[in-house]
file coords-v1.cif (mmCIF, N, CA, C and O atoms)
data_model
loop_
_atom_site.label_atom_id
_atom_site.label_comp_id
_atom_site.auth_asym_id
_atom_site.auth_seq_id
_atom_site.Cartn_x
_atom_site.Cartn_y
_atom_site.Cartn_z
N SER R 74 -21.68 -49.26 94.10
CA SER R 74 -22.96 -48.67 94.47
C SER R 74 -24.09 -49.39 93.75
O SER R 74 -23.87 -50.14 92.81
N ASP R 75 -25.30 -49.12 94.17
CA ASP R 75 -26.47 -49.70 93.51
C ASP R 75 -26.60 -49.25 92.07
O ASP R 75 -27.20 -49.95 91.26
N PHE R 76 -26.07 -48.08 91.75
CA PHE R 76 -26.20 -47.55 90.39
C PHE R 76 -25.73 -48.58 89.38
O PHE R 76 -26.43 -48.86 88.41
N LYS R 77 -24.55 -49.14 89.58
CA LYS R 77 -23.97 -50.07 88.60
C LYS R 77 -24.78 -51.35 88.45
O LYS R 77 -24.84 -51.91 87.36
N THR R 78 -25.40 -51.81 89.51
CA THR R 78 -26.12 -53.08 89.45
C THR R 78 -27.61 -52.91 89.13
O THR R 78 -28.26 -53.87 88.74
N LYS R 79 -28.14 -51.71 89.26
CA LYS R 79 -29.57 -51.49 89.05
C LYS R 79 -29.90 -50.75 87.75
O LYS R 79 -31.00 -50.86 87.24
N VAL R 80 -28.94 -49.99 87.22
CA VAL R 80 -29.21 -49.19 86.02
C VAL R 80 -28.83 -49.97 84.77
O VAL R 80 -27.74 -50.54 84.69
N ALA R 81 -29.72 -49.97 83.81
CA ALA R 81 -29.45 -50.63 82.53
C ALA R 81 -28.42 -49.83 81.75
O ALA R 81 -28.46 -48.59 81.74
N PHE R 82 -27.51 -50.54 81.11
CA PHE R 82 -26.50 -49.90 80.27
C PHE R 82 -27.19 -49.07 79.19
O PHE R 82 -26.85 -47.91 78.97
N LEU R 83 -28.15 -49.67 78.49
CA LEU R 83 -28.92 -48.96 77.47
C LEU R 83 -30.14 -48.36 78.16
O LEU R 83 -31.11 -49.05 78.45
N SER R 84 -30.06 -47.08 78.46
CA SER R 84 -31.17 -46.45 79.18
C SER R 84 -31.11 -44.93 79.02
O SER R 84 -30.09 -44.38 78.62
N SER R 85 -32.20 -44.31 79.37
CA SER R 85 -32.21 -42.84 79.36
C SER R 85 -31.33 -42.30 80.48
O SER R 85 -30.82 -41.18 80.39
N THR R 86 -31.11 -43.09 81.51
CA THR R 86 -30.25 -42.65 82.62
C THR R 86 -28.81 -42.51 82.14
O THR R 86 -28.16 -41.50 82.42
N THR R 87 -28.30 -43.50 81.43
CA THR R 87 -26.91 -43.44 80.95
C THR R 87 -26.81 -42.64 79.66
O THR R 87 -25.78 -42.04 79.39
N GLY R 88 -27.86 -42.68 78.85
CA GLY R 88 -27.82 -42.02 77.55
C GLY R 88 -27.18 -42.89 76.48
O GLY R 88 -27.01 -42.45 75.35
N PHE R 89 -26.84 -44.13 76.81
CA PHE R 89 -26.26 -45.04 75.83
C PHE R 89 -27.37 -45.74 75.06
O PHE R 89 -28.30 -46.28 75.66
N SER R 90 -27.26 -45.75 73.72
CA SER R 90 -28.30 -46.38 72.90
C SER R 90 -27.73 -47.34 71.85
O SER R 90 -28.44 -48.21 71.39
N HIS R 91 -26.49 -47.18 71.47
CA HIS R 91 -25.87 -48.04 70.45
C HIS R 91 -25.86 -49.48 70.98
O HIS R 91 -25.42 -49.73 72.10
N ASN R 92 -26.32 -50.44 70.16
CA ASN R 92 -26.46 -51.82 70.62
C ASN R 92 -26.08 -52.79 69.51
O ASN R 92 -26.93 -53.51 68.97
N PRO R 93 -24.79 -52.86 69.15
CA PRO R 93 -24.38 -53.73 68.05
C PRO R 93 -24.71 -55.20 68.32
O PRO R 93 -24.34 -55.75 69.35
N GLY R 94 -25.45 -55.80 67.39
CA GLY R 94 -25.80 -57.20 67.49
C GLY R 94 -26.71 -57.53 68.67
O GLY R 94 -26.85 -58.69 69.02
N GLY R 95 -27.30 -56.52 69.29
CA GLY R 95 -28.16 -56.76 70.45
C GLY R 95 -27.39 -57.21 71.69
O GLY R 95 -27.98 -57.69 72.65
N THR R 96 -26.08 -57.05 71.68
CA THR R 96 -25.21 -57.53 72.76
C THR R 96 -25.57 -56.97 74.13
O THR R 96 -25.39 -57.64 75.14
N TYR R 97 -26.06 -55.74 74.18
CA TYR R 97 -26.23 -55.06 75.46
C TYR R 97 -27.66 -55.01 75.96
O TYR R 97 -27.93 -54.44 77.02
N THR R 98 -28.58 -55.64 75.23
CA THR R 98 -29.98 -55.67 75.63
C THR R 98 -30.10 -56.33 77.00
O THR R 98 -29.62 -57.44 77.21
N GLY R 99 -30.73 -55.62 77.94
CA GLY R 99 -30.98 -56.16 79.27
C GLY R 99 -29.79 -56.19 80.20
O GLY R 99 -29.92 -56.64 81.34
N LYS R 100 -28.64 -55.70 79.78
CA LYS R 100 -27.45 -55.71 80.64
C LYS R 100 -27.42 -54.47 81.53
O LYS R 100 -27.77 -53.38 81.12
N THR R 101 -26.95 -54.67 82.75
CA THR R 101 -26.75 -53.54 83.65
C THR R 101 -25.36 -52.94 83.37
O THR R 101 -24.53 -53.55 82.68
N VAL R 102 -25.13 -51.79 83.95
CA VAL R 102 -23.81 -51.15 83.84
C VAL R 102 -22.73 -52.11 84.36
O VAL R 102 -21.69 -52.29 83.72
N GLN R 103 -22.97 -52.75 85.49
CA GLN R 103 -21.99 -53.67 86.06
C GLN R 103 -21.74 -54.87 85.14
O GLN R 103 -20.60 -55.31 84.98
N GLN R 104 -22.77 -55.39 84.52
CA GLN R 104 -22.59 -56.53 83.62
C GLN R 104 -21.72 -56.16 82.42
O GLN R 104 -20.92 -56.96 81.97
N VAL R 105 -21.85 -54.93 81.94
CA VAL R 105 -20.99 -54.47 80.84
C VAL R 105 -19.55 -54.35 81.34
O VAL R 105 -18.62 -54.77 80.64
N LEU R 106 -19.36 -53.84 82.52
CA LEU R 106 -18.00 -53.74 83.08
C LEU R 106 -17.36 -55.12 83.25
O LEU R 106 -16.14 -55.26 83.16
N ASP R 107 -18.17 -56.14 83.47
CA ASP R 107 -17.66 -57.50 83.70
C ASP R 107 -17.41 -58.28 82.41
O ASP R 107 -16.82 -59.36 82.45
N MET R 108 -17.83 -57.76 81.27
CA MET R 108 -17.62 -58.46 79.99
C MET R 108 -16.14 -58.46 79.64
O MET R 108 -15.42 -57.52 79.98
N THR R 109 -15.68 -59.52 78.96
CA THR R 109 -14.24 -59.66 78.73
C THR R 109 -13.80 -59.70 77.28
O THR R 109 -12.61 -59.77 77.01
N ALA R 110 -14.70 -59.67 76.34
CA ALA R 110 -14.30 -59.75 74.93
C ALA R 110 -13.64 -58.46 74.45
O ALA R 110 -13.63 -57.45 75.16
N GLY R 111 -13.11 -58.49 73.25
CA GLY R 111 -12.49 -57.31 72.64
C GLY R 111 -13.51 -56.57 71.78
O GLY R 111 -14.71 -56.70 71.97
N GLY R 112 -13.01 -55.77 70.83
CA GLY R 112 -13.88 -55.04 69.91
C GLY R 112 -14.82 -54.10 70.62
O GLY R 112 -14.43 -53.39 71.54
N HIS R 113 -16.10 -54.11 70.18
CA HIS R 113 -17.06 -53.17 70.77
C HIS R 113 -17.30 -53.47 72.25
O HIS R 113 -17.65 -52.57 73.00
N VAL R 114 -17.07 -54.71 72.69
CA VAL R 114 -17.22 -55.02 74.12
C VAL R 114 -16.13 -54.30 74.92
O VAL R 114 -16.41 -53.72 75.97
N ALA R 115 -14.91 -54.31 74.41
CA ALA R 115 -13.82 -53.58 75.09
C ALA R 115 -14.12 -52.10 75.11
O ALA R 115 -13.92 -51.43 76.14
N LEU R 116 -14.62 -51.57 74.00
CA LEU R 116 -14.96 -50.15 73.97
C LEU R 116 -16.08 -49.85 74.97
O LEU R 116 -15.99 -48.86 75.71
N ALA R 117 -17.09 -50.70 75.04
CA ALA R 117 -18.19 -50.50 75.99
C ALA R 117 -17.67 -50.48 77.42
O ALA R 117 -18.06 -49.64 78.23
N ARG R 118 -16.79 -51.41 77.73
CA ARG R 118 -16.22 -51.50 79.08
C ARG R 118 -15.46 -50.22 79.44
O ARG R 118 -15.66 -49.64 80.50
N HIS R 119 -14.61 -49.77 78.53
CA HIS R 119 -13.80 -48.57 78.79
C HIS R 119 -14.66 -47.30 78.86
O HIS R 119 -14.46 -46.47 79.74
N VAL R 120 -15.60 -47.18 77.94
CA VAL R 120 -16.46 -45.99 77.94
C VAL R 120 -17.33 -45.97 79.20
O VAL R 120 -17.55 -44.91 79.80
N THR R 121 -17.78 -47.13 79.64
CA THR R 121 -18.57 -47.21 80.87
C THR R 121 -17.76 -46.77 82.07
O THR R 121 -18.25 -46.00 82.92
N ALA R 122 -16.52 -47.22 82.16
CA ALA R 122 -15.66 -46.80 83.27
C ALA R 122 -15.41 -45.30 83.23
O ALA R 122 -15.48 -44.62 84.26
N ALA R 123 -15.17 -44.76 82.03
CA ALA R 123 -14.96 -43.31 81.89
C ALA R 123 -16.24 -42.55 82.25
O ALA R 123 -16.19 -41.49 82.90
N TYR R 124 -17.38 -43.08 81.86
CA TYR R 124 -18.68 -42.48 82.17
C TYR R 124 -18.89 -42.41 83.69
O TYR R 124 -19.29 -41.37 84.22
N LEU R 125 -18.61 -43.51 84.37
CA LEU R 125 -18.78 -43.53 85.83
C LEU R 125 -17.84 -42.54 86.51
O LEU R 125 -18.23 -41.85 87.46
N THR R 126 -16.61 -42.45 86.01
CA THR R 126 -15.66 -41.48 86.56
C THR R 126 -16.17 -40.06 86.36
O THR R 126 -16.11 -39.23 87.27
N ALA R 127 -16.70 -39.78 85.16
CA ALA R 127 -17.21 -38.44 84.87
C ALA R 127 -18.43 -38.10 85.74
O ALA R 127 -18.62 -36.94 86.11
N ARG R 128 -19.23 -39.09 86.07
CA ARG R 128 -20.38 -38.85 86.96
C ARG R 128 -19.92 -38.50 88.38
O ARG R 128 -20.51 -37.65 89.03
N VAL R 129 -18.87 -39.15 88.83
CA VAL R 129 -18.37 -38.92 90.19
C VAL R 129 -17.55 -37.63 90.27
O VAL R 129 -17.59 -36.93 91.27
N TYR R 130 -16.80 -37.34 89.21
CA TYR R 130 -15.91 -36.17 89.19
C TYR R 130 -16.26 -35.24 88.03
O TYR R 130 -15.43 -35.00 87.14
N PRO R 131 -17.47 -34.68 88.01
CA PRO R 131 -17.85 -33.81 86.89
C PRO R 131 -16.94 -32.59 86.80
O PRO R 131 -16.58 -32.01 87.81
N GLY R 132 -16.55 -32.30 85.58
CA GLY R 132 -15.71 -31.12 85.37
C GLY R 132 -14.22 -31.37 85.56
O GLY R 132 -13.41 -30.53 85.18
N THR R 133 -13.85 -32.49 86.16
CA THR R 133 -12.43 -32.75 86.36
C THR R 133 -11.96 -34.03 85.67
O THR R 133 -10.76 -34.22 85.51
N ALA R 134 -12.88 -34.90 85.27
CA ALA R 134 -12.50 -36.12 84.55
C ALA R 134 -12.04 -35.74 83.14
O ALA R 134 -12.47 -34.71 82.59
N VAL R 135 -11.19 -36.55 82.56
CA VAL R 135 -10.67 -36.28 81.22
C VAL R 135 -11.79 -36.25 80.18
O VAL R 135 -11.83 -35.37 79.33
N LEU R 136 -12.71 -37.20 80.27
CA LEU R 136 -13.87 -37.24 79.38
C LEU R 136 -15.12 -36.90 80.21
O LEU R 136 -15.25 -37.35 81.34
N SER R 137 -16.02 -36.15 79.62
CA SER R 137 -17.27 -35.82 80.31
C SER R 137 -18.30 -36.93 80.06
O SER R 137 -18.11 -37.79 79.19
N VAL R 138 -19.39 -36.87 80.79
CA VAL R 138 -20.50 -37.80 80.56
C VAL R 138 -20.96 -37.69 79.11
O VAL R 138 -21.17 -38.70 78.43
N ASP R 139 -21.10 -36.46 78.61
CA ASP R 139 -21.54 -36.27 77.23
C ASP R 139 -20.52 -36.81 76.23
O ASP R 139 -20.90 -37.37 75.20
N ASP R 140 -19.23 -36.65 76.51
CA ASP R 140 -18.20 -37.23 75.64
C ASP R 140 -18.38 -38.74 75.55
O ASP R 140 -18.32 -39.32 74.46
N CYS R 141 -18.59 -39.38 76.69
CA CYS R 141 -18.76 -40.84 76.73
C CYS R 141 -19.97 -41.27 75.91
O CYS R 141 -19.90 -42.25 75.17
N LYS R 142 -21.06 -40.53 76.03
CA LYS R 142 -22.26 -40.84 75.25
C LYS R 142 -21.98 -40.72 73.76
O LYS R 142 -22.38 -41.58 72.97
N ARG R 143 -21.29 -39.65 73.38
CA ARG R 143 -20.99 -39.44 71.95
C ARG R 143 -20.08 -40.54 71.42
O ARG R 143 -20.29 -41.05 70.32
N ILE R 144 -19.06 -40.91 72.18
CA ILE R 144 -18.14 -41.97 71.75
C ILE R 144 -18.91 -43.27 71.55
O ILE R 144 -18.80 -43.92 70.51
N TRP R 145 -19.70 -43.67 72.56
CA TRP R 145 -20.41 -44.95 72.46
C TRP R 145 -21.49 -44.93 71.38
O TRP R 145 -21.57 -45.83 70.55
N ASN R 146 -22.32 -43.91 71.38
CA ASN R 146 -23.46 -43.88 70.47
C ASN R 146 -23.06 -43.70 69.02
O ASN R 146 -23.84 -44.01 68.12
N SER R 147 -21.84 -43.27 68.77
CA SER R 147 -21.34 -43.16 67.40
C SER R 147 -20.64 -44.44 66.95
O SER R 147 -20.10 -44.49 65.85
N GLY R 148 -20.62 -45.44 67.81
CA GLY R 148 -19.92 -46.68 67.47
C GLY R 148 -18.41 -46.52 67.57
O GLY R 148 -17.66 -47.30 67.00
N GLY R 149 -17.97 -45.52 68.30
CA GLY R 149 -16.54 -45.29 68.48
C GLY R 149 -15.94 -44.31 67.50
O GLY R 149 -14.76 -44.01 67.57
N THR R 150 -16.74 -43.78 66.58
CA THR R 150 -16.23 -42.80 65.62
C THR R 150 -16.60 -41.41 66.11
O THR R 150 -17.76 -41.01 66.07
N TRP R 151 -15.61 -40.72 66.63
CA TRP R 151 -15.85 -39.41 67.22
C TRP R 151 -14.55 -38.61 67.19
O TRP R 151 -13.46 -39.18 67.26
N SER R 152 -14.66 -37.31 67.12
CA SER R 152 -13.48 -36.44 67.06
C SER R 152 -13.19 -35.83 68.42
O SER R 152 -13.94 -34.97 68.89
N PRO R 153 -12.10 -36.26 69.06
CA PRO R 153 -11.74 -35.66 70.35
C PRO R 153 -11.23 -34.24 70.20
O PRO R 153 -11.31 -33.45 71.13
N VAL R 154 -10.68 -33.93 69.02
CA VAL R 154 -10.21 -32.58 68.71
C VAL R 154 -10.56 -32.28 67.26
O VAL R 154 -10.67 -33.20 66.44
N ALA R 155 -10.72 -31.03 66.94
CA ALA R 155 -11.07 -30.64 65.57
C ALA R 155 -10.02 -31.16 64.58
O ALA R 155 -8.82 -31.06 64.83
N GLY R 156 -10.51 -31.75 63.52
CA GLY R 156 -9.62 -32.21 62.46
C GLY R 156 -9.07 -33.61 62.64
O GLY R 156 -8.29 -34.08 61.82
N ASP R 157 -9.45 -34.31 63.70
CA ASP R 157 -8.94 -35.66 63.94
C ASP R 157 -10.09 -36.55 64.41
O ASP R 157 -10.62 -36.35 65.50
N THR R 158 -10.48 -37.51 63.60
CA THR R 158 -11.56 -38.42 63.95
C THR R 158 -10.97 -39.76 64.36
O THR R 158 -10.17 -40.33 63.64
N TRP R 159 -11.38 -40.24 65.52
CA TRP R 159 -10.92 -41.54 66.03
C TRP R 159 -11.99 -42.58 65.79
O TRP R 159 -13.18 -42.31 65.87
N ASN R 160 -11.54 -43.82 65.54
CA ASN R 160 -12.46 -44.94 65.40
C ASN R 160 -12.37 -45.82 66.65
O ASN R 160 -11.61 -45.54 67.58
N GLN R 161 -13.13 -46.90 66.65
CA GLN R 161 -13.18 -47.78 67.81
C GLN R 161 -11.79 -48.28 68.21
O GLN R 161 -11.44 -48.25 69.39
N ASP R 162 -10.99 -48.71 67.26
CA ASP R 162 -9.66 -49.24 67.58
C ASP R 162 -8.76 -48.18 68.21
O ASP R 162 -8.00 -48.48 69.13
N ARG R 163 -8.86 -46.97 67.72
CA ARG R 163 -8.03 -45.90 68.28
C ARG R 163 -8.46 -45.55 69.70
O ARG R 163 -7.62 -45.29 70.56
N TRP R 164 -9.77 -45.57 69.96
CA TRP R 164 -10.25 -45.31 71.32
C TRP R 164 -9.80 -46.41 72.28
O TRP R 164 -9.36 -46.14 73.39
N ILE R 165 -9.88 -47.66 71.83
CA ILE R 165 -9.44 -48.76 72.69
C ILE R 165 -7.95 -48.62 72.98
O ILE R 165 -7.52 -48.80 74.12
N ALA R 166 -7.16 -48.28 71.97
CA ALA R 166 -5.72 -48.08 72.18
C ALA R 166 -5.48 -46.94 73.17
O ALA R 166 -4.60 -47.04 74.05
N TYR R 167 -6.25 -45.86 73.06
CA TYR R 167 -6.13 -44.74 74.00
C TYR R 167 -6.43 -45.19 75.43
O TYR R 167 -5.66 -44.93 76.34
N PHE R 168 -7.55 -45.87 75.61
CA PHE R 168 -7.91 -46.33 76.96
C PHE R 168 -6.88 -47.30 77.51
O PHE R 168 -6.51 -47.21 78.68
N ASN R 169 -6.38 -48.19 76.68
CA ASN R 169 -5.35 -49.13 77.15
C ASN R 169 -4.08 -48.41 77.54
O ASN R 169 -3.42 -48.76 78.51
N PHE R 170 -3.72 -47.36 76.81
CA PHE R 170 -2.53 -46.57 77.14
C PHE R 170 -2.73 -45.83 78.46
O PHE R 170 -1.86 -45.86 79.35
N VAL R 171 -3.87 -45.20 78.61
CA VAL R 171 -4.16 -44.44 79.83
C VAL R 171 -4.19 -45.35 81.06
O VAL R 171 -3.71 -45.01 82.12
N LEU R 172 -4.74 -46.53 80.89
CA LEU R 172 -4.87 -47.47 81.99
C LEU R 172 -3.57 -48.22 82.27
O LEU R 172 -3.46 -48.91 83.28
N GLY R 173 -2.62 -48.08 81.36
CA GLY R 173 -1.30 -48.68 81.56
C GLY R 173 -1.28 -50.12 81.38
O GLY R 173 -0.60 -50.93 81.82
#

call {"tool": "encode", "arguments": {"input": "coords-v1.cif", "output": "structure tokens"}}
result
Amino acid sequence: SDFKTKVAFLSSTTGFSHNPGGTYTGKTVQQVLDMTAGGHVALARHVTAAYLTARVYPGTAVLSVDDCKRIWNSGGTWSPVAGDTWNQDRWIAYFNFVLG
């Protein structure tokens, strides 16, 4: 859809603001999905895909739009359940497991 190619990754529309090293300045949602590096780029790619899924299937996706915002804007440090805090590497491992 036009959303992915017209909306900036870092915007009030997406709610994403974390920008390590200025990597995401001026990038659209689609450009982030097309990035291939690991680390925070892999996390951005996975969180963006989860965000888009949550927008299309609100209330039924595993992660909500707000969950995706919290994961990304915290730099990947977020608690999916009380008493357990995940970091960027653990989130990437989770997404890789879910995606098979």

call {"tool": "resolve_selection", "arguments": {"input": "coords-v1.cif", "expression": "the PyMOL selection byres ((chain R and resi 80) around 6)", "output": "list in words"}}
result
Asp75, Phe76, Lys77, Thr78, Lys79, Ala81, Phe82, Lys100, Thr101, Val102 and Gln103 of chain R

call {"tool": "resolve_selection", "arguments": {"input": "coords-v1.cif", "expression": "the PyMOL selection byres ((chain R and resi 124) around 8)", "output": "short mmCIF file (atom, residue, chain, number, x, y, z; two decimals) with N, CA, C and O atoms, keeping the file's coordinate frame"}}
result
data_model
loop_
_atom_site.label_atom_id
_atom_site.label_comp_id
_atom_site.auth_asym_id
_atom_site.auth_seq_id
_atom_site.Cartn_x
_atom_site.Cartn_y
_atom_site.Cartn_z
N THR R 87 -28.30 -43.50 81.43
CA THR R 87 -26.91 -43.44 80.95
C THR R 87 -26.81 -42.64 79.66
O THR R 87 -25.78 -42.04 79.39
N ALA R 117 -17.09 -50.70 75.04
CA ALA R 117 -18.19 -50.50 75.99
C ALA R 117 -17.67 -50.48 77.42
O ALA R 117 -18.06 -49.64 78.23
N ARG R 118 -16.79 -51.41 77.73
CA ARG R 118 -16.22 -51.50 79.08
C ARG R 118 -15.46 -50.22 79.44
O ARG R 118 -15.66 -49.64 80.50
N HIS R 119 -14.61 -49.77 78.53
CA HIS R 119 -13.80 -48.57 78.79
C HIS R 119 -14.66 -47.30 78.86
O HIS R 119 -14.46 -46.47 79.74
N VAL R 120 -15.60 -47.18 77.94
CA VAL R 120 -16.46 -45.99 77.94
C VAL R 120 -17.33 -45.97 79.20
O VAL R 120 -17.55 -44.91 79.80
N THR R 121 -17.78 -47.13 79.64
CA THR R 121 -18.57 -47.21 80.87
C THR R 121 -17.76 -46.77 82.07
O THR R 121 -18.25 -46.00 82.92
N ALA R 122 -16.52 -47.22 82.16
CA ALA R 122 -15.66 -46.80 83.27
C ALA R 122 -15.41 -45.30 83.23
O ALA R 122 -15.48 -44.62 84.26
N ALA R 123 -15.17 -44.76 82.03
CA ALA R 123 -14.96 -43.31 81.89
C ALA R 123 -16.24 -42.55 82.25
O ALA R 123 -16.19 -41.49 82.90
N LEU R 125 -18.61 -43.51 84.37
CA LEU R 125 -18.78 -43.53 85.83
C LEU R 125 -17.84 -42.54 86.51
O LEU R 125 -18.23 -41.85 87.46
N THR R 126 -16.61 -42.45 86.01
CA THR R 126 -15.66 -41.48 86.56
C THR R 126 -16.17 -40.06 86.36
O THR R 126 -16.11 -39.23 87.27
N ALA R 127 -16.70 -39.78 85.16
CA ALA R 127 -17.21 -38.44 84.87
C ALA R 127 -18.43 -38.10 85.74
O ALA R 127 -18.62 -36.94 86.11
N ARG R 128 -19.23 -39.09 86.07
CA ARG R 128 -20.38 -38.85 86.96
C ARG R 128 -19.92 -38.50 88.38
O ARG R 128 -20.51 -37.65 89.03
N VAL R 129 -18.87 -39.15 88.83
CA VAL R 129 -18.37 -38.92 90.19
C VAL R 129 -17.55 -37.63 90.27
O VAL R 129 -17.59 -36.93 91.27
N TYR R 130 -16.80 -37.34 89.21
CA TYR R 130 -15.91 -36.17 89.19
C TYR R 130 -16.26 -35.24 88.03
O TYR R 130 -15.43 -35.00 87.14
N PRO R 131 -17.47 -34.68 88.01
CA PRO R 131 -17.85 -33.81 86.89
C PRO R 131 -16.94 -32.59 86.80
O PRO R 131 -16.58 -32.01 87.81
N LEU R 136 -12.71 -37.20 80.27
CA LEU R 136 -13.87 -37.24 79.38
C LEU R 136 -15.12 -36.90 80.21
O LEU R 136 -15.25 -37.35 81.34
N SER R 137 -16.02 -36.15 79.62
CA SER R 137 -17.27 -35.82 80.31
C SER R 137 -18.30 -36.93 80.06
O SER R 137 -18.11 -37.79 79.19
N VAL R 138 -19.39 -36.87 80.79
CA VAL R 138 -20.50 -37.80 80.56
C VAL R 138 -20.96 -37.69 79.11
O VAL R 138 -21.17 -38.70 78.43
N ASP R 139 -21.10 -36.46 78.61
CA ASP R 139 -21.54 -36.27 77.23
C ASP R 139 -20.52 -36.81 76.23
O ASP R 139 -20.90 -37.37 75.20
N ASP R 140 -19.23 -36.65 76.51
CA ASP R 140 -18.20 -37.23 75.64
C ASP R 140 -18.38 -38.74 75.55
O ASP R 140 -18.32 -39.32 74.46
N CYS R 141 -18.59 -39.38 76.69
CA CYS R 141 -18.76 -40.84 76.73
C CYS R 141 -19.97 -41.27 75.91
O CYS R 141 -19.90 -42.25 75.17
N LYS R 142 -21.06 -40.53 76.03
CA LYS R 142 -22.26 -40.84 75.25
C LYS R 142 -21.98 -40.72 73.76
O LYS R 142 -22.38 -41.58 72.97
#

call {"tool": "select_by_dssp", "arguments": {"input": "coords-v1.cif", "residues": "region 75-168 of chain R", "states": "helix (DSSP H, G or I)", "output": "PyMOL selection string"}}
result
chain R and resi 75-79+93-95+102-107+113-129+138-146+161-168

call {"tool": "residues_around", "arguments": {"input": "coords-v1.cif", "residues": "Ala115 (chain R)", "least_positions_apart": "5", "cutoff": "10 Å", "atoms": "only C-alpha atoms", "output": "list in words"}}
result
Val105, Leu106, Met108, Thr109, Ala110, Val120, Thr121, Gln161, Asp162, Trp164, Ile165, Phe168 and Asn169 of chain R

call {"tool": "atom_distance", "arguments": {"input": "coords-v1.cif", "atom1": "atom C of Gly99 (chain R)", "atom2": "atom O of Trp145 (chain R)"}}
result
16.4 Å

call {"tool": "decode", "arguments": {"input": "coords-v1.cif", "residues": "region 83-95 of chain R", "atoms": "N, CA and C atoms", "output": "PDB file, in the first residue's frame"}}
result
ATOM      1  N   LEU R  83      10.238   7.306  11.180  1.00  0.00           N
ATOM      2  CA  LEU R  83      10.248   8.176  12.354  1.00  0.00           C
ATOM      3  C   LEU R  83       9.208   9.268  12.127  1.00  0.00           C
ATOM      4  N   SER R  84       8.049   9.095  12.716  1.00  0.00           N
ATOM      5  CA  SER R  84       6.978  10.072  12.496  1.00  0.00           C
ATOM      6  C   SER R  84       5.925   9.967  13.592  1.00  0.00           C
ATOM      7  N   SER R  85       5.093  10.973  13.642  1.00  0.00           N
ATOM      8  CA  SER R  85       3.978  10.920  14.590  1.00  0.00           C
ATOM      9  C   SER R  85       2.957   9.877  14.145  1.00  0.00           C
ATOM     10  N   THR R  86       2.935   9.560  12.865  1.00  0.00           N
ATOM     11  CA  THR R  86       2.008   8.535  12.366  1.00  0.00           C
ATOM     12  C   THR R  86       2.365   7.168  12.927  1.00  0.00           C
ATOM     13  N   THR R  87       3.639   6.801  12.872  1.00  0.00           N
ATOM     14  CA  THR R  87       4.055   5.490  13.385  1.00  0.00           C
ATOM     15  C   THR R  87       4.271   5.527  14.889  1.00  0.00           C
ATOM     16  N   GLY R  88       4.686   6.675  15.401  1.00  0.00           N
ATOM     17  CA  GLY R  88       5.008   6.775  16.823  1.00  0.00           C
ATOM     18  C   GLY R  88       6.422   6.328  17.135  1.00  0.00           C
ATOM     19  N   PHE R  89       7.210   5.999  16.112  1.00  0.00           N
ATOM     20  CA  PHE R  89       8.598   5.590  16.323  1.00  0.00           C
ATOM     21  C   PHE R  89       9.483   6.830  16.383  1.00  0.00           C
ATOM     22  N   SER R  90      10.348   6.899  17.403  1.00  0.00           N
ATOM     23  CA  SER R  90      11.231   8.058  17.548  1.00  0.00           C
ATOM     24  C   SER R  90      12.691   7.675  17.783  1.00  0.00           C
ATOM     25  N   HIS R  91      12.957   6.497  18.262  1.00  0.00           N
ATOM     26  CA  HIS R  91      14.332   6.052  18.536  1.00  0.00           C
ATOM     27  C   HIS R  91      15.106   6.031  17.210  1.00  0.00           C
ATOM     28  N   ASN R  92      16.306   6.641  17.192  1.00  0.00           N
ATOM     29  CA  ASN R  92      17.054   6.776  15.947  1.00  0.00           C
ATOM     30  C   ASN R  92      18.550   6.592  16.200  1.00  0.00           C
ATOM     31  N   PRO R  93      18.974   5.360  16.527  1.00  0.00           N
ATOM     32  CA  PRO R  93      20.389   5.142  16.842  1.00  0.00           C
ATOM     33  C   PRO R  93      21.305   5.500  15.667  1.00  0.00           C
ATOM     34  N   GLY R  94      22.258   6.376  15.939  1.00  0.00           N
ATOM     35  CA  GLY R  94      23.229   6.773  14.939  1.00  0.00           C
ATOM     36  C   GLY R  94      22.636   7.529  13.761  1.00  0.00           C
ATOM     37  N   GLY R  95      21.399   7.992  13.883  1.00  0.00           N
ATOM     38  CA  GLY R  95      20.745   8.693  12.785  1.00  0.00           C
ATOM     39  C   GLY R  95      20.405   7.795  11.607  1.00  0.00           C
TER      40      GLY R  95
END
